[in-house]
>>> print(open('protein.tsv').read())   # TSV, C-alpha atoms
chain	number	residue	atom	x	y	z
R	1	MET	CA	0.00	0.00	0.00
R	2	PRO	CA	1.51	3.38	-0.96
R	3	ALA	CA	2.17	6.12	1.55
R	4	LEU	CA	-0.94	8.06	2.46
R	5	THR	CA	0.32	11.43	1.25
R	6	SER	CA	3.30	12.55	-0.76
R	7	GLN	CA	5.76	14.89	0.89
R	8	ALA	CA	5.54	16.95	-2.28
R	9	SER	CA	1.76	17.38	-2.06
R	10	GLY	CA	-0.10	20.39	-0.71
R	11	LEU	CA	-2.68	21.17	1.95
R	12	HIS	CA	-6.40	21.13	1.20
R	13	ASN	CA	-7.80	24.66	1.23
R	14	PRO	CA	-4.97	26.41	3.10
R	15	PRO	CA	-6.32	29.68	4.58
R	16	SER	CA	-4.92	32.90	3.15
R	17	TRP	CA	-3.40	33.91	6.49
R	18	LEU	CA	-1.37	30.70	6.59
R	19	ARG	CA	-0.21	31.19	3.02
R	20	ASP	CA	0.81	34.77	3.78
R	21	ARG	CA	2.67	33.65	6.89
R	22	VAL	CA	4.62	31.00	4.99
R	23	VAL	CA	5.47	33.21	2.01
R	24	SER	CA	6.59	36.03	4.29
R	25	TYR	CA	8.76	33.72	6.37
R	26	VAL	CA	10.44	32.07	3.38
R	27	ALA	CA	11.21	35.51	1.91
R	28	ARG	CA	12.94	36.42	5.18
R	29	VAL	CA	15.23	33.39	5.07
R	30	GLU	CA	16.26	33.82	1.43
R	31	THR	CA	20.01	34.32	1.08
R	32	ASN	CA	21.92	36.80	-1.08
R	33	LEU	CA	21.80	36.12	-4.80
R	34	ASP	CA	25.48	35.19	-4.90
R	35	ASP	CA	24.99	32.41	-2.32
R	36	SER	CA	24.86	28.90	-3.79
R	37	LEU	CA	22.17	27.82	-1.31
R	38	PRO	CA	19.02	29.96	-1.49
R	39	PHE	CA	17.53	29.53	2.01
R	40	ARG	CA	18.77	29.71	5.62
R	41	ASP	CA	17.70	27.75	8.69
R	42	ASN	CA	16.15	30.88	10.21
R	43	PRO	CA	15.98	34.65	9.54
R	44	ARG	CA	18.78	35.61	11.92
R	45	PRO	CA	22.02	37.01	10.46
R	46	GLY	CA	24.61	34.26	10.32
R	47	ALA	CA	22.11	31.39	10.23
R	48	PRO	CA	23.45	28.48	8.17
R	49	ALA	CA	22.05	27.21	4.89
R	50	ASN	CA	22.12	23.65	3.56
R	51	ILE	CA	20.46	21.49	0.96
R	52	GLU	CA	17.78	20.29	3.37
R	53	THR	CA	16.81	23.87	4.18
R	54	THR	CA	16.42	24.50	0.45
R	55	VAL	CA	14.09	21.53	0.03
R	56	TRP	CA	12.03	22.26	3.15
R	57	ALA	CA	11.59	25.92	2.19
R	58	LEU	CA	10.29	24.82	-1.22
R	59	SER	CA	8.05	22.28	0.49
R	60	ALA	CA	6.55	24.92	2.77
R	61	LEU	CA	5.67	27.04	-0.27
R	62	ARG	CA	4.15	24.04	-2.08
R	63	GLN	CA	2.06	23.10	0.98
R	64	VAL	CA	0.25	26.44	0.91
R	65	GLY	CA	0.00	26.65	-2.90
R	66	ALA	CA	2.51	29.51	-3.33
R	67	GLN	CA	3.57	28.45	-6.83
R	68	ASP	CA	4.48	32.00	-7.80
R	69	ALA	CA	7.05	32.13	-4.99
R	70	ILE	CA	8.48	28.75	-6.06
R	71	ASP	CA	8.79	29.90	-9.67
R	72	ARG	CA	10.66	33.02	-8.59
R	73	VAL	CA	13.42	31.04	-6.85
R	74	ARG	CA	13.39	28.09	-9.26
R	75	PRO	CA	16.75	28.79	-11.00
R	76	ARG	CA	18.68	29.11	-7.74
R	77	ALA	CA	16.97	26.16	-6.10
R	78	LEU	CA	17.50	23.92	-9.13
R	79	ALA	CA	21.18	24.85	-9.26
R	80	ALA	CA	21.54	23.94	-5.56
R	81	LEU	CA	19.87	20.56	-6.10
R	82	ASP	CA	22.04	19.82	-9.13
R	83	ALA	CA	25.18	20.67	-7.15
R	84	ALA	CA	24.31	18.00	-4.56
R	85	TYR	CA	24.91	15.19	-7.06
R	86	ASN	CA	27.85	12.84	-6.43
R	87	PRO	CA	28.82	11.41	-9.84
R	88	ASP	CA	31.10	8.80	-8.31
R	89	LEU	CA	28.22	7.20	-6.39
R	90	GLY	CA	25.47	8.18	-8.80
R	91	ILE	CA	23.30	9.58	-6.00
R	92	TYR	CA	22.65	12.94	-4.40
R	93	GLU	CA	25.14	13.00	-1.56
R	94	PRO	CA	26.24	16.52	-0.56
R	95	THR	CA	27.73	15.73	2.85
R	96	ALA	CA	29.59	12.41	2.44
R	97	THR	CA	27.46	10.20	4.68
R	98	GLN	CA	28.28	7.09	2.63
R	99	LEU	CA	31.22	6.19	4.83
R	100	GLY	CA	32.30	3.11	6.69
R	101	GLY	CA	31.94	2.91	10.44
R	102	GLY	CA	29.49	1.89	13.08
R	103	ILE	CA	25.81	1.07	12.82
R	104	GLY	CA	23.24	3.84	12.91
R	105	THR	CA	24.45	6.61	10.61
R	106	TRP	CA	21.64	8.08	8.48
R	107	ARG	CA	23.02	7.05	5.11
R	108	MET	CA	20.16	7.26	2.58
R	109	HIS	CA	18.69	10.52	3.81
R	110	PHE	CA	20.12	13.13	1.46
R	111	ASP	CA	19.37	11.39	-1.81
R	112	ALA	CA	15.74	10.95	-0.79
R	113	VAL	CA	15.42	14.57	0.37
R	114	VAL	CA	17.03	16.05	-2.75
R	115	ARG	CA	14.71	14.00	-4.97
R	116	ILE	CA	11.76	15.51	-3.09
R	117	GLY	CA	13.21	18.88	-4.04
R	118	PHE	CA	13.20	18.01	-7.74
R	119	GLU	CA	9.61	16.81	-7.41
R	120	LEU	CA	8.64	20.11	-5.78
R	121	LEU	CA	10.12	21.94	-8.77
R	122	ASP	CA	8.44	19.53	-11.23
R	123	GLU	CA	11.88	18.68	-12.56
R	124	CYS	CA	13.56	15.33	-13.23
R	125	PRO	CA	16.56	14.29	-11.13
R	126	GLN	CA	19.38	12.06	-12.29
R	127	PRO	CA	18.19	8.44	-12.49
R	128	PHE	CA	19.03	6.24	-9.53
R	129	PRO	CA	21.88	3.85	-10.39
R	130	ARG	CA	20.93	0.27	-11.18
R	131	GLY	CA	22.65	-3.05	-10.58
R	132	LEU	CA	23.28	-4.87	-7.31
R	133	GLU	CA	27.04	-4.61	-7.90
R	134	ARG	CA	26.63	-0.96	-6.83
R	135	LEU	CA	26.34	-2.15	-3.21
R	136	SER	CA	30.13	-2.44	-3.20
R	137	ASP	CA	30.30	1.36	-3.69
R	138	LEU	CA	28.86	1.80	-0.19
R	139	PRO	CA	31.70	1.10	2.26
R	140	TRP	CA	29.32	0.43	5.16
R	141	ALA	CA	27.10	-2.08	3.34
R	142	PRO	CA	27.69	-5.84	3.70
R	143	THR	CA	28.30	-7.55	0.37
R	144	GLY	CA	27.90	-11.21	-0.45
R	145	GLU	CA	24.87	-13.45	-0.26
R	146	ASP	CA	24.96	-14.09	3.50
R	147	ALA	CA	27.15	-11.22	4.76
R	148	TRP	CA	24.15	-9.26	5.98
R	149	ARG	CA	23.17	-11.92	8.56
R	150	PRO	CA	26.10	-11.59	11.00
R	151	TRP	CA	26.14	-7.83	10.35
R	152	LEU	CA	22.53	-7.42	11.46
R	153	ASP	CA	22.75	-9.98	14.28
R	154	GLN	CA	25.61	-8.01	15.80
R	155	ALA	CA	23.77	-4.72	15.28
R	156	TRP	CA	20.64	-5.97	17.03
R	157	ALA	CA	22.68	-7.23	19.94
R	158	GLU	CA	24.14	-3.74	20.38
R	159	ASP	CA	21.16	-1.43	19.71
R	160	PRO	CA	17.78	-2.58	18.32
R	161	ARG	CA	16.72	0.88	17.16
R	162	ALA	CA	19.99	1.54	15.31
R	163	ALA	CA	19.88	-1.99	13.88
R	164	ALA	CA	16.38	-1.47	12.50
R	165	LYS	CA	17.57	1.74	10.89
R	166	ALA	CA	20.62	0.05	9.40
R	167	ALA	CA	18.57	-2.88	8.08
R	168	PHE	CA	16.00	-0.72	6.38
R	169	GLN	CA	18.64	1.55	4.85
R	170	TYR	CA	20.46	-1.48	3.49
R	171	LEU	CA	17.20	-2.78	2.01
R	172	TRP	CA	16.33	0.72	0.75
R	173	PHE	CA	19.52	0.80	-1.35
R	174	TYR	CA	19.22	-2.87	-2.30
R	175	THR	CA	15.70	-2.54	-3.68
R	176	ARG	CA	16.58	0.57	-5.67
R	177	PHE	CA	19.72	-0.94	-7.15
R	178	ALA	CA	17.58	-3.98	-8.05
R	179	SER	CA	14.74	-1.85	-9.53
R	180	ALA	CA	12.32	-3.53	-7.11
R	181	ASN	CA	9.31	-1.28	-6.54
R	182	ARG	CA	6.86	-3.70	-4.90
R	183	VAL	CA	7.01	-6.73	-2.63
R	184	ASP	CA	6.36	-8.99	-5.61
R	185	ASP	CA	9.54	-7.66	-7.27
R	186	LEU	CA	11.86	-8.68	-4.42
R	187	ASP	CA	14.46	-11.37	-5.01
R	188	ASP	CA	15.19	-14.10	-2.46
R	189	GLN	CA	17.84	-12.16	-0.57
R	190	ALA	CA	15.68	-9.06	-0.25
R	191	ARG	CA	12.81	-11.22	1.00
R	192	GLN	CA	15.11	-12.75	3.61
R	193	VAL	CA	16.21	-9.33	4.89
R	194	LEU	CA	12.58	-8.19	5.00
R	195	ALA	CA	11.66	-11.37	6.88
R	196	HIS	CA	14.52	-10.65	9.30
R	197	LEU	CA	13.05	-7.20	9.95
R	198	GLU	CA	9.59	-8.69	10.48
R	199	SER	CA	11.01	-11.25	12.92
R	200	ARG	CA	12.17	-8.32	15.04
R	201	ARG	CA	8.71	-6.73	15.24
R	202	ASP	CA	7.90	-6.11	18.91
R	203	PRO	CA	4.86	-8.19	19.96
R	204	ALA	CA	3.59	-5.55	22.38
R	205	THR	CA	3.86	-2.38	20.28
R	206	GLY	CA	4.13	-3.70	16.73
R	207	PHE	CA	7.18	-1.49	16.14
R	208	ILE	CA	10.32	-2.82	14.49
R	209	GLY	CA	13.25	-1.50	16.50
R	210	MET	CA	11.68	-1.70	19.96
R	211	GLY	CA	13.81	-3.32	22.67
R	212	PRO	CA	14.15	-3.49	26.45
R	213	ASP	CA	16.38	-0.40	26.55
R	214	VAL	CA	14.68	1.53	23.74
R	215	ASP	CA	12.41	4.46	24.57
R	216	LEU	CA	8.89	3.98	23.20
R	217	GLY	CA	8.86	7.39	21.53
R	218	TRP	CA	12.12	6.77	19.70
R	219	ALA	CA	10.89	3.35	18.56
R	220	MET	CA	7.70	5.00	17.26
R	221	ARG	CA	9.69	7.60	15.34
R	222	GLY	CA	12.05	5.03	13.90
R	223	HIS	CA	9.17	2.87	12.76
R	224	ARG	CA	7.53	5.79	10.96
R	225	ASN	CA	10.77	6.34	8.99
R	226	LEU	CA	10.91	2.62	8.20
R	227	GLY	CA	7.28	2.66	7.08
R	228	LEU	CA	7.50	5.85	5.03
R	229	ASN	CA	10.71	4.96	3.22
R	230	LEU	CA	10.39	1.20	2.79
R	231	LEU	CA	7.32	-0.71	4.00
R	232	TRP	CA	4.57	1.53	2.61
R	233	PRO	CA	6.15	2.15	-0.82
R	234	LEU	CA	6.78	-1.60	-1.22
R	235	GLY	CA	3.19	-2.37	-0.23
R	236	VAL	CA	4.13	-4.48	2.78
R	237	ASP	CA	1.05	-5.67	4.67
R	238	GLU	CA	1.87	-4.93	8.30
R	239	PRO	CA	0.24	-7.09	10.97
R	240	GLY	CA	-1.35	-5.75	14.14
R	241	ILE	CA	-1.68	-2.10	13.22
R	242	GLU	CA	-4.01	-1.66	16.20
R	243	ARG	CA	-1.00	-2.26	18.47
R	244	MET	CA	0.91	0.50	16.71
R	245	ILE	CA	-2.00	2.92	17.08
R	246	ASP	CA	-2.12	2.10	20.81
R	247	ALA	CA	1.64	2.56	21.15
R	248	THR	CA	1.63	5.84	19.23
R	249	LEU	CA	-1.18	7.25	21.38
R	250	ALA	CA	0.84	6.21	24.44
R	251	CYS	CA	3.50	8.73	23.33
R	252	ARG	CA	1.16	11.70	23.99
R	253	ARG	CA	2.23	14.37	26.45
R	254	ARG	CA	0.07	16.39	28.79
R	255	ASP	CA	0.65	19.52	26.69
R	256	GLY	CA	-0.80	17.81	23.60
R	257	LEU	CA	2.51	17.19	21.81
R	258	PHE	CA	4.11	13.79	21.27
R	259	HIS	CA	7.24	12.19	22.75
R	260	ASP	CA	9.91	14.88	23.30
R	261	GLY	CA	7.64	17.63	21.93
R	262	GLY	CA	9.84	18.38	18.93
R	263	MET	CA	8.36	18.92	15.50
R	264	CYS	CA	9.74	15.68	14.10
R	265	ALA	CA	8.09	13.65	16.87
R	266	ASN	CA	4.71	15.31	16.25
R	267	MET	CA	4.93	14.76	12.50
R	268	ASP	CA	5.93	11.11	12.95
R	269	ALA	CA	3.11	10.37	15.39
R	270	VAL	CA	0.39	12.11	13.39
R	271	HIS	CA	1.58	10.42	10.20
R	272	LEU	CA	1.41	6.99	11.80
R	273	LEU	CA	-2.05	7.68	13.18
R	274	ALA	CA	-3.21	8.89	9.77
R	275	GLU	CA	-1.64	6.01	7.83
R	276	TYR	CA	-2.94	3.26	10.08
R	277	GLY	CA	-6.15	5.08	10.93
R	278	ARG	CA	-7.40	4.80	7.36
R	279	GLN	CA	-7.06	1.00	7.59
R	280	THR	CA	-8.99	0.42	10.83
R	281	PRO	CA	-11.59	2.22	12.97
R	282	HIS	CA	-9.60	1.25	16.07
R	283	ARG	CA	-9.60	4.29	18.45
R	284	ARG	CA	-10.17	6.59	15.49
R	285	ALA	CA	-12.13	9.22	17.44
R	286	GLU	CA	-9.38	9.33	20.06
R	287	ALA	CA	-6.71	9.58	17.36
R	288	ILE	CA	-8.52	12.49	15.71
R	289	GLN	CA	-8.89	14.26	19.04
R	290	SER	CA	-5.20	13.71	19.79
R	291	THR	CA	-4.06	15.08	16.44
R	292	ARG	CA	-6.25	18.16	16.94
R	293	ARG	CA	-4.65	18.75	20.33
R	294	CYS	CA	-1.22	18.21	18.82
R	295	VAL	CA	-1.78	20.84	16.14
R	296	ALA	CA	-3.16	23.30	18.70
R	297	ALA	CA	-0.11	22.70	20.91
R	298	MET	CA	2.24	23.19	17.94
R	299	PHE	CA	0.81	26.64	17.28
R	300	ARG	CA	0.87	27.41	21.00
R	301	ARG	CA	4.29	26.08	21.97
R	302	LEU	CA	6.39	25.70	18.81
R	303	ALA	CA	5.31	28.62	16.61
R	304	SER	CA	8.10	31.17	16.26
R	305	PRO	CA	7.33	34.92	16.35
R	306	ASN	CA	9.15	35.23	13.01
R	307	GLY	CA	6.55	33.08	11.24
R	308	GLY	CA	8.38	29.77	11.25
R	309	PHE	CA	8.19	26.92	13.75
R	310	PHE	CA	10.85	25.77	16.14
R	311	TYR	CA	12.11	22.29	15.36
R	312	GLU	CA	12.69	21.53	19.04
R	313	LEU	CA	11.21	23.05	22.20
R	314	ALA	CA	14.69	24.07	23.40
R	315	GLU	CA	15.15	26.29	20.36
R	316	ARG	CA	12.73	28.86	21.78
R	317	ASP	CA	15.47	30.05	24.13
R	318	ALA	CA	18.48	29.52	21.86
R	319	THR	CA	20.63	32.55	21.05
R	320	ASP	CA	23.04	30.91	18.59
R	321	PRO	CA	21.63	31.19	15.02
R	322	SER	CA	23.13	27.82	14.11
R	323	ALA	CA	21.03	26.15	16.83
R	324	VAL	CA	17.64	27.31	15.51
R	325	HIS	CA	15.95	25.40	12.66
R	326	SER	CA	12.67	27.19	12.16
R	327	THR	CA	12.68	26.64	8.38
R	328	ASN	CA	12.78	22.88	8.83
R	329	GLY	CA	10.32	23.25	11.69
R	330	LEU	CA	7.89	25.12	9.45
R	331	ALA	CA	7.99	22.43	6.78
R	332	PHE	CA	7.47	19.68	9.34
R	333	ALA	CA	4.58	21.60	10.92
R	334	LEU	CA	2.90	21.81	7.52
R	335	PHE	CA	3.53	18.10	6.91
R	336	THR	CA	1.80	17.47	10.23
R	337	LEU	CA	-1.19	19.53	9.09
R	338	ASN	CA	-1.26	17.54	5.86
R	339	TYR	CA	-1.34	14.19	7.67
R	340	TRP	CA	-3.93	15.55	10.12
R	341	GLN	CA	-6.17	16.45	7.19
R	342	ALA	CA	-5.88	12.89	5.92
R	343	LEU	CA	-7.23	11.58	9.23
R	344	ASP	CA	-9.67	14.32	10.29
R	345	PRO	CA	-12.46	15.14	7.77
R	346	SER	CA	-13.22	18.45	9.45
R	347	ALA	CA	-9.64	19.62	8.92
R	348	GLN	CA	-9.79	18.70	5.26
R	349	ALA	CA	-13.14	20.37	4.65
R	350	ASN	CA	-12.20	23.67	6.29
R	351	LEU	CA	-8.65	24.00	7.55
R	352	HIS	CA	-9.18	27.57	8.76
R	353	LEU	CA	-12.01	26.61	11.12
R	354	ALA	CA	-10.15	23.49	12.25
R	355	LEU	CA	-7.05	25.52	13.10
R	356	THR	CA	-8.97	28.24	14.93
R	357	ALA	CA	-11.43	26.02	16.82
R	358	PRO	CA	-11.16	25.92	20.63
R	359	GLU	CA	-8.93	23.18	21.95
R	360	VAL	CA	-10.74	19.91	22.63
R	361	PRO	CA	-10.71	19.03	26.37
R	362	THR	CA	-9.18	15.71	27.32
R	363	SER	CA	-8.48	13.74	30.47
R	364	ARG	CA	-4.76	13.65	29.54
R	365	ARG	CA	-4.20	17.27	30.47
>>> encode(input="protein.tsv", output="structure tokens")
Amino acid sequence: MPALTSQASGLHNPPSWLRDRVVSYVARVETNLDDSLPFRDNPRPGAPANIETTVWALSALRQVGAQDAIDRVRPRALAALDAAYNPDLGIYEPTATQLGGGIGTWRMHFDAVVRIGFELLDECPQPFPRGLERLSDLPWAPTGEDAWRPWLDQAWAEDPRAAAKAAFQYLWFYTRFASANRVDDLDDQARQVLAHLESRRDPATGFIGMGPDVDLGWAMRGHRNLGLNLLWPLGVDEPGIERMIDATLACRRRDGLFHDGGMCANMDAVHLLAEYGRQTPHRRAEAIQSTRRCVAAMFRRLASPNGGFFYELAERDATDPSAVHSTNGLAFALFTLNYWQALDPSAQANLHLALTAPEVPTSRR
């Protein structure tokens, strides 16, 4: 089953005040014309710029339907995306994460993010390289028919959450090198790795990556990344989604946010509730109420006075421009609204009223 919403899609009926807020904020973080990267992490002088900030600024504009603003910065943004290409690896890799070393490094992230950027610009990226021999270009990846088994066994013995991340990233590259787009396309080795992941699914929560020393919220967030990037696109039929809804709702905080309160945690939780909530009525009313409270808390606790959103709660008091990521926070806040609309019919029908409605009381205050 495909992912519920594309990260390059837009909100249903975004109110004009939200569009104006986003367009105004993105204009404030635009860099000088001679800078190779068009957008900064926040409006403060000296704030850094990177390829992710470029993509998330474009995404924020797309979410509110500001196509005119996207078209204005298209040449600079496209040049920045093109510059992120690594011709030696054949992928978009601007910061050299494809290195050897320990388990847990986020190694497929940049290629996926940059390709979202091309999609936002309605442009075609370089094709992903094909052929399983390309695995040998990744110094961290096990090569050979059975090399992955001891690699993953050792990883799971050390850190289940990092091992789940490593396994899905390995399979992410493997399936793309093999041109496998659906479960039915997988070869025997890919099926074995997927079965290994499934064998590690926690019986209590349903999350892959849960363990005795793993925090529930981090397991939830890791599983959303696994689902979004691998399981859902491949059409994997996940068992016991009711358990995952229960476990995600257990990550709620008294203030309405999820897990550590950061924007990524809220987006992950709402996306899981939306994705699994369309497949079962299990606790749907409670899930809708919880996502409404989450959105209200985001605007109350994470909205920045400059028009963006803080990525983490601690950023509200940060004084170092390099420690504030309100551009990324804005994009993730809008993603959260998008996933909320997929779950909550009232938010889809009239986002303005849904955003301005009084907060729904709950016993979890």
>>> residues_around(input="protein.tsv", residues="stretch 268-279 of chain R", least_positions_apart="2", cutoff="7 Å", atoms="only C-alpha atoms", output="list of chain:residue names")
R:Leu4, R:Arg221, R:Arg224, R:Ile241, R:Ile245, R:Thr248, R:Phe258, R:Cys264, R:Ala265, R:Asn266, R:Pro281, R:Arg284, R:Ala287, R:Thr291, R:Thr336, R:Tyr339, R:Trp340, R:Ala342, R:Leu343
>>> atom_distance(input="protein.tsv", atom1="atom CA of R:Asp71", atom2="atom CA of R:Leu121")
8.1 Å
>>> atom_distance(input="protein.tsv", atom1="atom CA of R:Arg176", atom2="atom CA of R:Glu133")
11.9 Å
>>> residues_around(input="protein.tsv", residues="R:Asp68", least_positions_apart="6", cutoff="12 Å", atoms="only C-alpha atoms", output="PyMOL selection string")
chain R and resi 19+23+58+61-62+74+121
>>> atom_distance(input="protein.tsv", atom1="atom CA of R:Val324", atom2="atom CA of R:His259")
19.7 Å
>>> residues_around(input="protein.tsv", residues="stretch 31-41 of chain R", least_positions_apart="4", cutoff="12 Å", atoms="all atoms listed in the file", output="PyMOL selection string")
chain R and resi 25-27+45-58+60+70+72-84+308-311+320-331
>>> decode(input="protein.tsv", residues="stretch 109-132 of chain R", atoms="N, CA and C atoms", output="compact mmCIF listing (two decimals), in the first residue's frame")
# COMPACT_ATOMS: atom_id res chain seq x y z
N HIS R 109 19.56 9.39 3.58
CA HIS R 109 18.69 10.52 3.81
C HIS R 109 18.79 11.57 2.70
N PHE R 110 20.00 11.97 2.34
CA PHE R 110 20.12 13.13 1.46
C PHE R 110 19.61 12.85 0.06
N ASP R 111 19.87 11.68 -0.47
CA ASP R 111 19.37 11.39 -1.81
C ASP R 111 17.84 11.48 -1.84
N ALA R 112 17.19 10.91 -0.84
CA ALA R 112 15.74 10.95 -0.79
C ALA R 112 15.22 12.37 -0.67
N VAL R 113 15.86 13.19 0.17
CA VAL R 113 15.42 14.57 0.37
C VAL R 113 15.61 15.40 -0.90
N VAL R 114 16.77 15.27 -1.54
CA VAL R 114 17.03 16.05 -2.75
C VAL R 114 16.04 15.68 -3.85
N ARG R 115 15.69 14.41 -3.95
CA ARG R 115 14.71 14.00 -4.97
C ARG R 115 13.33 14.59 -4.69
N ILE R 116 12.99 14.78 -3.41
CA ILE R 116 11.76 15.51 -3.09
C ILE R 116 11.85 16.93 -3.64
N GLY R 117 13.02 17.53 -3.52
CA GLY R 117 13.21 18.88 -4.04
C GLY R 117 12.94 18.98 -5.53
N PHE R 118 13.47 18.02 -6.30
CA PHE R 118 13.20 18.01 -7.74
C PHE R 118 11.70 17.86 -8.01
N GLU R 119 11.05 17.00 -7.24
CA GLU R 119 9.61 16.81 -7.41
C GLU R 119 8.85 18.10 -7.13
N LEU R 120 9.29 18.84 -6.11
CA LEU R 120 8.64 20.11 -5.78
C LEU R 120 8.79 21.13 -6.91
N LEU R 121 9.89 21.03 -7.65
CA LEU R 121 10.12 21.94 -8.77
C LEU R 121 9.57 21.38 -10.09
N ASP R 122 8.94 20.19 -10.02
CA ASP R 122 8.44 19.53 -11.23
C ASP R 122 9.55 19.32 -12.25
N GLU R 123 10.71 18.95 -11.73
CA GLU R 123 11.88 18.68 -12.56
C GLU R 123 12.31 17.23 -12.36
N CYS R 124 13.09 16.71 -13.30
CA CYS R 124 13.56 15.33 -13.23
C CYS R 124 14.98 15.26 -12.68
N PRO R 125 15.21 14.46 -11.63
CA PRO R 125 16.56 14.29 -11.13
C PRO R 125 17.34 13.29 -11.98
N GLN R 126 18.60 13.13 -11.67
CA GLN R 126 19.38 12.06 -12.29
C GLN R 126 18.76 10.72 -11.93
N PRO R 127 18.76 9.75 -12.84
CA PRO R 127 18.19 8.44 -12.49
C PRO R 127 19.00 7.76 -11.41
N PHE R 128 18.32 6.99 -10.57
CA PHE R 128 19.03 6.24 -9.53
C PHE R 128 19.83 5.12 -10.20
N PRO R 129 21.06 4.89 -9.75
CA PRO R 129 21.88 3.85 -10.39
C PRO R 129 21.26 2.46 -10.23
N ARG R 130 21.50 1.61 -11.19
CA ARG R 130 20.93 0.27 -11.18
C ARG R 130 22.04 -0.78 -11.19
N GLY R 131 21.72 -1.93 -10.62
CA GLY R 131 22.65 -3.05 -10.58
C GLY R 131 23.13 -3.32 -9.17
N LEU R 132 22.93 -4.54 -8.69
CA LEU R 132 23.28 -4.87 -7.31
C LEU R 132 24.78 -4.78 -7.05
